[in-house]
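Structure file protein02.txt (compact mmCIF, N, CA and C atoms) is printed below.
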# COMPACT_ATOMS: atom_id res chain seq x y z
N MET A 1 -3.34 16.30 -18.78
CA MET A 1 -3.51 15.59 -17.53
C MET A 1 -3.27 16.55 -16.37
N THR A 2 -3.92 16.32 -15.28
CA THR A 2 -3.78 17.19 -14.14
C THR A 2 -2.55 16.88 -13.30
N THR A 3 -1.92 15.72 -13.50
CA THR A 3 -0.78 15.35 -12.69
C THR A 3 0.50 16.01 -13.15
N GLY A 4 0.56 16.55 -14.34
CA GLY A 4 1.77 17.17 -14.86
C GLY A 4 2.78 16.15 -15.36
N THR A 5 2.43 14.89 -15.41
CA THR A 5 3.33 13.87 -15.90
C THR A 5 2.86 13.41 -17.27
N PRO A 6 3.80 12.92 -18.07
CA PRO A 6 3.38 12.43 -19.38
C PRO A 6 2.51 11.19 -19.24
N ALA A 7 1.71 10.95 -20.26
CA ALA A 7 0.85 9.76 -20.28
C ALA A 7 1.73 8.52 -20.28
N PRO A 8 1.23 7.43 -19.72
CA PRO A 8 2.05 6.21 -19.67
C PRO A 8 2.28 5.62 -21.05
N PRO A 9 3.40 4.94 -21.22
CA PRO A 9 3.64 4.27 -22.50
C PRO A 9 2.67 3.10 -22.70
N ARG A 10 2.63 2.62 -23.90
CA ARG A 10 1.70 1.55 -24.28
C ARG A 10 1.87 0.30 -23.40
N ALA A 11 3.10 -0.06 -23.07
CA ALA A 11 3.33 -1.26 -22.26
C ALA A 11 2.69 -1.11 -20.88
N VAL A 12 2.78 0.06 -20.29
CA VAL A 12 2.20 0.29 -18.97
C VAL A 12 0.68 0.26 -19.06
N ARG A 13 0.13 0.85 -20.10
CA ARG A 13 -1.32 0.81 -20.27
C ARG A 13 -1.81 -0.62 -20.48
N THR A 14 -1.06 -1.42 -21.20
CA THR A 14 -1.42 -2.83 -21.40
C THR A 14 -1.37 -3.59 -20.08
N ALA A 15 -0.33 -3.33 -19.29
CA ALA A 15 -0.23 -3.97 -17.97
C ALA A 15 -1.40 -3.57 -17.09
N ALA A 16 -1.81 -2.31 -17.17
CA ALA A 16 -2.95 -1.84 -16.38
C ALA A 16 -4.23 -2.55 -16.82
N ALA A 17 -4.40 -2.73 -18.11
CA ALA A 17 -5.60 -3.43 -18.61
C ALA A 17 -5.60 -4.89 -18.17
N LEU A 18 -4.46 -5.55 -18.22
CA LEU A 18 -4.37 -6.94 -17.78
C LEU A 18 -4.64 -7.06 -16.28
N THR A 19 -4.16 -6.09 -15.52
CA THR A 19 -4.41 -6.09 -14.08
C THR A 19 -5.88 -5.84 -13.78
N PHE A 20 -6.51 -4.99 -14.57
CA PHE A 20 -7.95 -4.75 -14.42
C PHE A 20 -8.72 -6.06 -14.59
N LEU A 21 -8.32 -6.86 -15.57
CA LEU A 21 -8.98 -8.16 -15.78
C LEU A 21 -8.78 -9.08 -14.58
N GLN A 22 -7.59 -9.03 -13.96
CA GLN A 22 -7.37 -9.82 -12.75
C GLN A 22 -8.31 -9.36 -11.64
N GLY A 23 -8.49 -8.06 -11.53
CA GLY A 23 -9.39 -7.53 -10.52
C GLY A 23 -10.82 -8.01 -10.73
N LEU A 24 -11.25 -7.98 -11.98
CA LEU A 24 -12.60 -8.49 -12.28
C LEU A 24 -12.72 -9.97 -11.93
N GLY A 25 -11.68 -10.73 -12.20
CA GLY A 25 -11.69 -12.15 -11.85
C GLY A 25 -11.78 -12.37 -10.35
N GLY A 26 -11.09 -11.55 -9.58
CA GLY A 26 -11.16 -11.66 -8.13
C GLY A 26 -12.54 -11.32 -7.59
N ILE A 27 -13.16 -10.29 -8.16
CA ILE A 27 -14.52 -9.93 -7.75
C ILE A 27 -15.49 -11.06 -8.13
N ALA A 28 -15.30 -11.65 -9.30
CA ALA A 28 -16.16 -12.77 -9.71
C ALA A 28 -16.00 -13.95 -8.75
N LEU A 29 -14.79 -14.20 -8.29
CA LEU A 29 -14.57 -15.27 -7.31
C LEU A 29 -15.31 -14.97 -6.01
N ALA A 30 -15.27 -13.72 -5.57
CA ALA A 30 -15.98 -13.33 -4.35
C ALA A 30 -17.48 -13.54 -4.52
N VAL A 31 -18.02 -13.17 -5.66
CA VAL A 31 -19.45 -13.36 -5.93
C VAL A 31 -19.80 -14.85 -5.92
N ALA A 32 -18.92 -15.67 -6.50
CA ALA A 32 -19.16 -17.11 -6.52
C ALA A 32 -19.16 -17.68 -5.10
N LEU A 33 -18.30 -17.16 -4.23
CA LEU A 33 -18.30 -17.62 -2.84
C LEU A 33 -19.59 -17.25 -2.12
N VAL A 34 -20.08 -16.04 -2.36
CA VAL A 34 -21.33 -15.60 -1.73
C VAL A 34 -22.49 -16.45 -2.24
N VAL A 35 -22.52 -16.74 -3.52
CA VAL A 35 -23.58 -17.58 -4.08
C VAL A 35 -23.53 -18.97 -3.47
N ARG A 36 -22.32 -19.47 -3.25
CA ARG A 36 -22.17 -20.80 -2.65
C ARG A 36 -22.75 -20.82 -1.23
N VAL A 37 -22.51 -19.75 -0.48
CA VAL A 37 -23.06 -19.68 0.88
C VAL A 37 -24.58 -19.57 0.83
N LEU A 38 -25.10 -18.78 -0.11
CA LEU A 38 -26.55 -18.63 -0.22
C LEU A 38 -27.23 -19.93 -0.62
N GLN A 39 -26.49 -20.81 -1.27
CA GLN A 39 -27.05 -22.11 -1.65
C GLN A 39 -26.94 -23.14 -0.54
N GLY A 40 -26.41 -22.72 0.61
CA GLY A 40 -26.40 -23.62 1.76
C GLY A 40 -25.08 -24.30 2.04
N ALA A 41 -23.98 -23.75 1.65
CA ALA A 41 -22.69 -24.36 1.95
C ALA A 41 -22.43 -24.30 3.45
N PRO A 42 -21.81 -25.35 3.99
CA PRO A 42 -21.50 -25.33 5.42
C PRO A 42 -20.41 -24.30 5.73
N SER A 43 -20.34 -23.89 6.97
CA SER A 43 -19.37 -22.90 7.46
C SER A 43 -19.40 -21.62 6.63
N GLY A 44 -20.57 -20.99 6.58
CA GLY A 44 -20.75 -19.79 5.78
C GLY A 44 -19.96 -18.60 6.26
N GLY A 45 -19.72 -18.49 7.56
CA GLY A 45 -19.00 -17.34 8.11
C GLY A 45 -17.61 -17.15 7.54
N PRO A 46 -16.76 -18.18 7.60
CA PRO A 46 -15.43 -18.02 7.03
C PRO A 46 -15.44 -17.79 5.51
N VAL A 47 -16.38 -18.39 4.84
CA VAL A 47 -16.46 -18.20 3.38
C VAL A 47 -16.86 -16.77 3.06
N LEU A 48 -17.81 -16.23 3.81
CA LEU A 48 -18.20 -14.83 3.60
C LEU A 48 -17.07 -13.89 3.98
N GLY A 49 -16.31 -14.23 5.00
CA GLY A 49 -15.15 -13.43 5.36
C GLY A 49 -14.12 -13.41 4.25
N ALA A 50 -13.88 -14.56 3.66
CA ALA A 50 -12.94 -14.62 2.54
C ALA A 50 -13.45 -13.81 1.36
N ALA A 51 -14.75 -13.87 1.12
CA ALA A 51 -15.33 -13.09 0.03
C ALA A 51 -15.16 -11.59 0.29
N GLY A 52 -15.33 -11.18 1.53
CA GLY A 52 -15.14 -9.78 1.88
C GLY A 52 -13.71 -9.32 1.67
N VAL A 53 -12.76 -10.16 2.06
CA VAL A 53 -11.35 -9.83 1.84
C VAL A 53 -11.06 -9.74 0.34
N LEU A 54 -11.61 -10.65 -0.43
CA LEU A 54 -11.39 -10.61 -1.88
C LEU A 54 -11.98 -9.35 -2.50
N VAL A 55 -13.15 -8.93 -2.05
CA VAL A 55 -13.76 -7.71 -2.59
C VAL A 55 -12.88 -6.50 -2.27
N LEU A 56 -12.38 -6.43 -1.04
CA LEU A 56 -11.51 -5.31 -0.67
C LEU A 56 -10.23 -5.30 -1.48
N TRP A 57 -9.57 -6.47 -1.55
CA TRP A 57 -8.30 -6.54 -2.25
C TRP A 57 -8.47 -6.27 -3.74
N PHE A 58 -9.37 -6.96 -4.37
CA PHE A 58 -9.50 -6.80 -5.82
C PHE A 58 -10.21 -5.51 -6.20
N GLY A 59 -11.00 -4.96 -5.30
CA GLY A 59 -11.51 -3.61 -5.54
C GLY A 59 -10.36 -2.61 -5.59
N GLY A 60 -9.40 -2.78 -4.67
CA GLY A 60 -8.19 -1.95 -4.71
C GLY A 60 -7.36 -2.18 -5.96
N VAL A 61 -7.31 -3.43 -6.41
CA VAL A 61 -6.58 -3.75 -7.64
C VAL A 61 -7.22 -3.05 -8.83
N ILE A 62 -8.53 -3.08 -8.90
CA ILE A 62 -9.23 -2.40 -10.00
C ILE A 62 -8.96 -0.91 -9.94
N PHE A 63 -9.05 -0.33 -8.75
CA PHE A 63 -8.79 1.11 -8.60
C PHE A 63 -7.37 1.45 -9.03
N ALA A 64 -6.38 0.66 -8.58
CA ALA A 64 -4.98 0.94 -8.94
C ALA A 64 -4.76 0.78 -10.44
N SER A 65 -5.38 -0.20 -11.06
CA SER A 65 -5.18 -0.39 -12.49
C SER A 65 -5.79 0.75 -13.30
N VAL A 66 -6.94 1.25 -12.86
CA VAL A 66 -7.55 2.39 -13.55
C VAL A 66 -6.67 3.63 -13.39
N MET A 67 -6.17 3.84 -12.18
CA MET A 67 -5.29 4.99 -11.94
C MET A 67 -4.01 4.88 -12.77
N LEU A 68 -3.44 3.68 -12.85
CA LEU A 68 -2.24 3.49 -13.66
C LEU A 68 -2.52 3.74 -15.13
N PHE A 69 -3.65 3.27 -15.60
CA PHE A 69 -4.01 3.48 -17.00
C PHE A 69 -4.12 4.97 -17.32
N HIS A 70 -4.60 5.75 -16.36
CA HIS A 70 -4.76 7.19 -16.56
C HIS A 70 -3.48 7.98 -16.29
N GLY A 71 -2.40 7.29 -15.94
CA GLY A 71 -1.11 7.97 -15.83
C GLY A 71 -0.64 8.35 -14.45
N HIS A 72 -1.24 7.81 -13.41
CA HIS A 72 -0.79 8.09 -12.06
C HIS A 72 0.34 7.13 -11.70
N GLN A 73 1.54 7.69 -11.57
CA GLN A 73 2.72 6.85 -11.37
C GLN A 73 2.69 6.09 -10.05
N GLY A 74 2.05 6.64 -9.03
CA GLY A 74 1.99 5.98 -7.74
C GLY A 74 1.19 4.69 -7.74
N ALA A 75 0.38 4.47 -8.75
CA ALA A 75 -0.42 3.25 -8.83
C ALA A 75 0.41 2.07 -9.33
N ARG A 76 1.62 2.33 -9.78
CA ARG A 76 2.46 1.25 -10.31
C ARG A 76 2.85 0.27 -9.20
N THR A 77 3.17 0.79 -8.01
CA THR A 77 3.60 -0.07 -6.91
C THR A 77 2.51 -1.05 -6.47
N PRO A 78 1.26 -0.62 -6.24
CA PRO A 78 0.25 -1.62 -5.87
C PRO A 78 0.03 -2.68 -6.95
N VAL A 79 0.18 -2.29 -8.21
CA VAL A 79 0.03 -3.27 -9.29
C VAL A 79 1.18 -4.28 -9.24
N ILE A 80 2.38 -3.81 -8.98
CA ILE A 80 3.53 -4.72 -8.88
C ILE A 80 3.36 -5.66 -7.69
N VAL A 81 2.95 -5.13 -6.55
CA VAL A 81 2.74 -5.97 -5.36
C VAL A 81 1.67 -7.02 -5.63
N THR A 82 0.62 -6.63 -6.31
CA THR A 82 -0.44 -7.58 -6.65
C THR A 82 0.11 -8.70 -7.51
N GLN A 83 0.94 -8.36 -8.49
CA GLN A 83 1.48 -9.39 -9.36
C GLN A 83 2.38 -10.34 -8.58
N LEU A 84 3.16 -9.81 -7.66
CA LEU A 84 4.04 -10.67 -6.86
C LEU A 84 3.23 -11.59 -5.95
N LEU A 85 2.15 -11.07 -5.37
CA LEU A 85 1.30 -11.92 -4.53
C LEU A 85 0.60 -13.00 -5.37
N LEU A 86 0.11 -12.62 -6.53
CA LEU A 86 -0.56 -13.60 -7.39
C LEU A 86 0.44 -14.60 -7.99
N LEU A 87 1.68 -14.18 -8.14
CA LEU A 87 2.72 -15.11 -8.59
C LEU A 87 2.94 -16.19 -7.53
N GLY A 88 2.87 -15.80 -6.26
CA GLY A 88 2.94 -16.78 -5.19
C GLY A 88 1.75 -17.73 -5.20
N CYS A 89 0.58 -17.20 -5.49
CA CYS A 89 -0.61 -18.05 -5.61
C CYS A 89 -0.46 -19.03 -6.77
N ALA A 90 0.12 -18.55 -7.88
CA ALA A 90 0.34 -19.42 -9.03
C ALA A 90 1.34 -20.53 -8.69
N TRP A 91 2.38 -20.18 -7.93
CA TRP A 91 3.34 -21.20 -7.51
C TRP A 91 2.65 -22.25 -6.66
N TYR A 92 1.81 -21.82 -5.74
CA TYR A 92 1.10 -22.76 -4.88
C TYR A 92 0.17 -23.65 -5.69
N ALA A 93 -0.50 -23.07 -6.67
CA ALA A 93 -1.38 -23.87 -7.53
C ALA A 93 -0.55 -24.90 -8.31
N TYR A 94 0.62 -24.49 -8.77
CA TYR A 94 1.46 -25.39 -9.57
C TYR A 94 2.02 -26.54 -8.74
N GLY A 95 2.53 -26.22 -7.56
CA GLY A 95 3.22 -27.23 -6.77
C GLY A 95 2.33 -27.94 -5.79
N PRO A 96 2.14 -27.37 -4.59
CA PRO A 96 1.40 -28.08 -3.54
C PRO A 96 -0.03 -28.46 -3.90
N SER A 97 -0.70 -27.67 -4.73
CA SER A 97 -2.09 -27.98 -5.08
C SER A 97 -2.19 -28.91 -6.28
N ASP A 98 -1.07 -29.21 -6.90
CA ASP A 98 -1.02 -30.16 -8.02
C ASP A 98 -1.93 -29.74 -9.18
N GLN A 99 -1.96 -28.45 -9.47
CA GLN A 99 -2.74 -27.89 -10.59
C GLN A 99 -1.75 -27.22 -11.55
N GLN A 100 -0.94 -28.03 -12.25
CA GLN A 100 0.14 -27.49 -13.06
C GLN A 100 -0.34 -26.55 -14.16
N LEU A 101 -1.41 -26.87 -14.83
CA LEU A 101 -1.88 -26.02 -15.92
C LEU A 101 -2.33 -24.66 -15.39
N LEU A 102 -3.15 -24.68 -14.36
CA LEU A 102 -3.65 -23.43 -13.78
C LEU A 102 -2.50 -22.60 -13.21
N GLY A 103 -1.59 -23.25 -12.51
CA GLY A 103 -0.44 -22.54 -11.94
C GLY A 103 0.47 -21.96 -13.01
N SER A 104 0.70 -22.70 -14.07
CA SER A 104 1.54 -22.22 -15.16
C SER A 104 0.92 -21.01 -15.86
N LEU A 105 -0.36 -21.12 -16.17
CA LEU A 105 -1.03 -20.01 -16.85
C LEU A 105 -1.06 -18.76 -15.97
N GLY A 106 -1.36 -18.94 -14.69
CA GLY A 106 -1.37 -17.80 -13.77
C GLY A 106 0.01 -17.18 -13.62
N GLY A 107 1.03 -18.02 -13.52
CA GLY A 107 2.39 -17.51 -13.41
C GLY A 107 2.85 -16.76 -14.65
N ILE A 108 2.52 -17.29 -15.80
CA ILE A 108 2.88 -16.61 -17.06
C ILE A 108 2.16 -15.28 -17.16
N TYR A 109 0.90 -15.24 -16.79
CA TYR A 109 0.12 -14.00 -16.84
C TYR A 109 0.77 -12.93 -15.96
N CYS A 110 1.10 -13.31 -14.72
CA CYS A 110 1.74 -12.35 -13.80
C CYS A 110 3.10 -11.92 -14.32
N ALA A 111 3.86 -12.85 -14.86
CA ALA A 111 5.19 -12.50 -15.37
C ALA A 111 5.08 -11.53 -16.55
N VAL A 112 4.09 -11.73 -17.41
CA VAL A 112 3.90 -10.82 -18.55
C VAL A 112 3.59 -9.41 -18.04
N VAL A 113 2.72 -9.30 -17.04
CA VAL A 113 2.39 -7.97 -16.50
C VAL A 113 3.63 -7.33 -15.90
N LEU A 114 4.41 -8.10 -15.16
CA LEU A 114 5.64 -7.54 -14.57
C LEU A 114 6.63 -7.09 -15.64
N VAL A 115 6.79 -7.89 -16.67
CA VAL A 115 7.71 -7.51 -17.76
C VAL A 115 7.23 -6.21 -18.41
N LEU A 116 5.94 -6.10 -18.63
CA LEU A 116 5.41 -4.87 -19.24
C LEU A 116 5.65 -3.66 -18.35
N LEU A 117 5.54 -3.84 -17.03
CA LEU A 117 5.77 -2.72 -16.12
C LEU A 117 7.24 -2.33 -16.02
N PHE A 118 8.12 -3.27 -16.28
CA PHE A 118 9.55 -3.00 -16.13
C PHE A 118 10.27 -2.82 -17.47
N THR A 119 9.53 -2.51 -18.51
CA THR A 119 10.19 -2.17 -19.76
C THR A 119 10.97 -0.87 -19.57
N SER A 120 11.87 -0.60 -20.47
CA SER A 120 12.70 0.61 -20.37
C SER A 120 11.84 1.87 -20.36
N ASP A 121 10.89 1.95 -21.28
CA ASP A 121 10.01 3.12 -21.33
C ASP A 121 9.15 3.23 -20.07
N GLY A 122 8.69 2.09 -19.57
CA GLY A 122 7.86 2.09 -18.38
C GLY A 122 8.63 2.57 -17.15
N ARG A 123 9.87 2.13 -17.01
CA ARG A 123 10.68 2.58 -15.88
C ARG A 123 11.01 4.06 -15.99
N LYS A 124 11.36 4.50 -17.19
CA LYS A 124 11.66 5.93 -17.38
C LYS A 124 10.43 6.78 -17.10
N TRP A 125 9.27 6.32 -17.54
CA TRP A 125 8.03 7.05 -17.27
C TRP A 125 7.75 7.12 -15.78
N ALA A 126 7.93 5.98 -15.08
CA ALA A 126 7.64 5.93 -13.65
C ALA A 126 8.56 6.86 -12.86
N MET A 127 9.78 7.03 -13.33
CA MET A 127 10.72 7.92 -12.65
C MET A 127 10.61 9.35 -13.14
N GLY A 128 9.84 9.56 -14.20
CA GLY A 128 9.64 10.90 -14.72
C GLY A 128 10.85 11.47 -15.45
N HIS A 129 11.69 10.61 -16.03
CA HIS A 129 12.92 11.07 -16.67
C HIS A 129 12.76 11.54 -18.10
N VAL A 130 11.86 10.93 -18.83
CA VAL A 130 11.74 11.29 -20.24
C VAL A 130 10.29 11.49 -20.64
N GLU A 131 10.11 12.23 -21.70
CA GLU A 131 8.79 12.40 -22.30
C GLU A 131 8.52 11.19 -23.19
N VAL A 132 7.35 10.64 -23.10
CA VAL A 132 6.97 9.49 -23.92
C VAL A 132 6.68 9.99 -25.33
N PRO A 133 7.12 9.27 -26.38
CA PRO A 133 6.84 9.71 -27.75
C PRO A 133 5.35 9.91 -27.99
N GLU A 134 5.03 10.81 -28.86
CA GLU A 134 3.64 11.21 -29.14
C GLU A 134 2.77 10.03 -29.56
N GLY A 135 3.31 9.07 -30.32
CA GLY A 135 2.54 7.93 -30.78
C GLY A 135 2.16 6.98 -29.68
N ASP A 136 2.89 6.98 -28.54
CA ASP A 136 2.63 6.06 -27.44
C ASP A 136 1.74 6.65 -26.36
N LYS A 137 1.37 7.89 -26.47
CA LYS A 137 0.60 8.54 -25.41
C LYS A 137 -0.86 8.08 -25.43
N ALA A 138 -1.43 8.08 -24.23
CA ALA A 138 -2.87 7.77 -24.13
C ALA A 138 -3.66 8.99 -24.59
N ASP A 139 -4.85 8.73 -25.07
CA ASP A 139 -5.70 9.83 -25.53
C ASP A 139 -6.38 10.53 -24.39
Rewritten as structure tokens:
Amino acid sequence: MTTGTPAPPRAVRTAAALTFLQGLGGIALAVALVVRVLQGAPSGGPVLGAAGVLVLWFGGVIFASVMLFHGHQGARTPVIVTQLLLLGCAWYAYGPSDQQLLGSLGGIYCAVVLVLLFTSDGRKWAMGHVEVPEGDKAD
């Protein structure tokens, strides 16, 4: 690797892959909003604005998850922030929006990613304290 750091442990790579899927889901939501406007939904301006924000945010999420998967330690923070923001969205879906199933599943997904990022090996890797065992290294 060109960064001089060891490859991320398996838990961090798994968290990166799960975050990549979240990014794809956000981009798909943006595309669905644009399609809705093209089909004649009222108030197209705000909907297109929201779609643009989603593309920017989740495009960044995809970029950060790819960078984290490839072993860039600085990408861990944007992935953590994304999980915390989406955890808030899951709480809102669970409570005020009265969508308990959707909120629960989203919250569990975010919590799993956070747990994977904060494993002992993941924290040691992020701080650069130890070499990751050979069996856990990315190819």
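Excluding segment 109-126 of chain A itself and same-chain residues fewer than 4 positions from it, the residues having an atom within 7 Å of it are Pro8, Pro9, Ala11, Val12, Ala15, Leu18, Gln73, Ile80, Gln83, Leu86, Leu87, Leu105 and Val130 of chain A, counting only C-alpha atoms.
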Residue contacts of segment 61-68 of chain A (9 Å, only C-alpha atoms) excluding same-chain residues fewer than 3 positions away, as number ranges by chain: A: 8, 12-13, 15-24, 56-58, 71-79, 82
Quick one, how far is atom CA of Ile108 of chain A from atom CA of Tyr94 of chain A? 11.6 Å
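In this structure, atom CA of Gly106 of chain A sits 22.2 Å away from atom CA of Arg10 of chain A.
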Using atom CA of His70 of chain A and atom CA of Gly88 of chain A as the two end points, give the distance in Å to one decimal.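 Answer for the atom CA of His70 of chain A to atom CA of Gly88 of chain A separation: 27.6 Å.
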Taking the DSSP assignment computed from this structure's backbone, write out as an MDAnalysis selection string all residues of chain A that belong to helix (DSSP H, G or I). chainID A and resid 10:38 44:69 73:94 100:117 120:127 134:136
Find the residues around Ala51 of chain A up to 7 Å (all atoms listed in the file counted), leave out those fewer than 2 positions away in its own chain, and share them as a PyMOL selection string. chain A and resi 29-31+33-34+46-49+53-56
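For the residues A:Gly52, A:Gly107, A:Gly45, A:Leu101, ranking by smallest atom-to-atom distance to Cys89 of chain A using all atoms listed in the file places A:Gly107 first.
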Missing atoms in segment 110-119 of chain A: fill them in up to all heavy atoms and send the result as an mmCIF file, in the frame of the given file.
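Output contents, as saved in part_28.cif:
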data_model
loop_
_atom_site.group_PDB
_atom_site.id
_atom_site.type_symbol
_atom_site.label_atom_id
_atom_site.label_comp_id
_atom_site.auth_asym_id
_atom_site.auth_seq_id
_atom_site.Cartn_x
_atom_site.Cartn_y
_atom_site.Cartn_z
ATOM 1 N N CYS A 110 1.100 -13.310 -14.720
ATOM 2 C CA CYS A 110 1.740 -12.350 -13.800
ATOM 3 C C CYS A 110 3.100 -11.920 -14.320
ATOM 4 O O CYS A 110 3.458 -10.739 -14.218
ATOM 5 C CB CYS A 110 1.883 -12.977 -12.421
ATOM 6 S SG CYS A 110 0.326 -13.261 -11.582
ATOM 7 N N ALA A 111 3.860 -12.850 -14.860
ATOM 8 C CA ALA A 111 5.190 -12.500 -15.370
ATOM 9 C C ALA A 111 5.080 -11.530 -16.550
ATOM 10 O O ALA A 111 5.875 -10.595 -16.665
ATOM 11 C CB ALA A 111 5.926 -13.767 -15.793
ATOM 12 N N VAL A 112 4.090 -11.730 -17.410
ATOM 13 C CA VAL A 112 3.900 -10.820 -18.550
ATOM 14 C C VAL A 112 3.590 -9.410 -18.040
ATOM 15 O O VAL A 112 4.154 -8.429 -18.540
ATOM 16 C CB VAL A 112 2.777 -11.341 -19.480
ATOM 17 C CG1 VAL A 112 2.314 -10.273 -20.449
ATOM 18 C CG2 VAL A 112 3.258 -12.574 -20.230
ATOM 19 N N VAL A 113 2.720 -9.300 -17.040
ATOM 20 C CA VAL A 113 2.390 -7.970 -16.500
ATOM 21 C C VAL A 113 3.630 -7.330 -15.900
ATOM 22 O O VAL A 113 3.900 -6.139 -16.117
ATOM 23 C CB VAL A 113 1.245 -8.066 -15.474
ATOM 24 C CG1 VAL A 113 1.020 -6.732 -14.781
ATOM 25 C CG2 VAL A 113 -0.033 -8.546 -16.143
ATOM 26 N N LEU A 114 4.410 -8.100 -15.160
ATOM 27 C CA LEU A 114 5.640 -7.540 -14.570
ATOM 28 C C LEU A 114 6.630 -7.090 -15.640
ATOM 29 O O LEU A 114 7.245 -6.028 -15.510
ATOM 30 C CB LEU A 114 6.272 -8.558 -13.623
ATOM 31 C CG LEU A 114 5.550 -8.763 -12.297
ATOM 32 C CD1 LEU A 114 6.125 -9.957 -11.548
ATOM 33 C CD2 LEU A 114 5.617 -7.509 -11.453
ATOM 34 N N VAL A 115 6.790 -7.890 -16.670
ATOM 35 C CA VAL A 115 7.710 -7.510 -17.760
ATOM 36 C C VAL A 115 7.230 -6.210 -18.410
ATOM 37 O O VAL A 115 8.031 -5.320 -18.703
ATOM 38 C CB VAL A 115 7.841 -8.661 -18.782
ATOM 39 C CG1 VAL A 115 8.492 -8.178 -20.066
ATOM 40 C CG2 VAL A 115 8.634 -9.808 -18.185
ATOM 41 N N LEU A 116 5.940 -6.100 -18.630
ATOM 42 C CA LEU A 116 5.410 -4.870 -19.240
ATOM 43 C C LEU A 116 5.650 -3.660 -18.350
ATOM 44 O O LEU A 116 5.931 -2.564 -18.839
ATOM 45 C CB LEU A 116 3.907 -5.028 -19.513
ATOM 46 C CG LEU A 116 3.538 -5.966 -20.649
ATOM 47 C CD1 LEU A 116 2.033 -6.220 -20.659
ATOM 48 C CD2 LEU A 116 3.994 -5.417 -21.976
ATOM 49 N N LEU A 117 5.540 -3.840 -17.030
ATOM 50 C CA LEU A 117 5.770 -2.720 -16.120
ATOM 51 C C LEU A 117 7.240 -2.330 -16.020
ATOM 52 O O LEU A 117 7.555 -1.186 -15.696
ATOM 53 C CB LEU A 117 5.218 -3.053 -14.731
ATOM 54 C CG LEU A 117 3.712 -3.102 -14.609
ATOM 55 C CD1 LEU A 117 3.306 -3.641 -13.255
ATOM 56 C CD2 LEU A 117 3.107 -1.734 -14.850
ATOM 57 N N PHE A 118 8.120 -3.270 -16.280
ATOM 58 C CA PHE A 118 9.550 -3.000 -16.130
ATOM 59 C C PHE A 118 10.270 -2.820 -17.470
ATOM 60 O O PHE A 118 11.492 -2.938 -17.528
ATOM 61 C CB PHE A 118 10.222 -4.105 -15.319
ATOM 62 C CG PHE A 118 9.910 -4.008 -13.855
ATOM 63 C CD1 PHE A 118 9.001 -4.862 -13.265
ATOM 64 C CD2 PHE A 118 10.512 -3.037 -13.078
ATOM 65 C CE1 PHE A 118 8.706 -4.766 -11.926
ATOM 66 C CE2 PHE A 118 10.222 -2.928 -11.731
ATOM 67 C CZ PHE A 118 9.312 -3.795 -11.144
ATOM 68 N N THR A 119 9.530 -2.510 -18.510
ATOM 69 C CA THR A 119 10.190 -2.170 -19.760
ATOM 70 C C THR A 119 10.970 -0.870 -19.570
ATOM 71 O O THR A 119 10.729 -0.112 -18.624
ATOM 72 C CB THR A 119 9.169 -1.983 -20.909
ATOM 73 O OG1 THR A 119 8.270 -0.951 -20.548
ATOM 74 C CG2 THR A 119 8.434 -3.273 -21.226
#
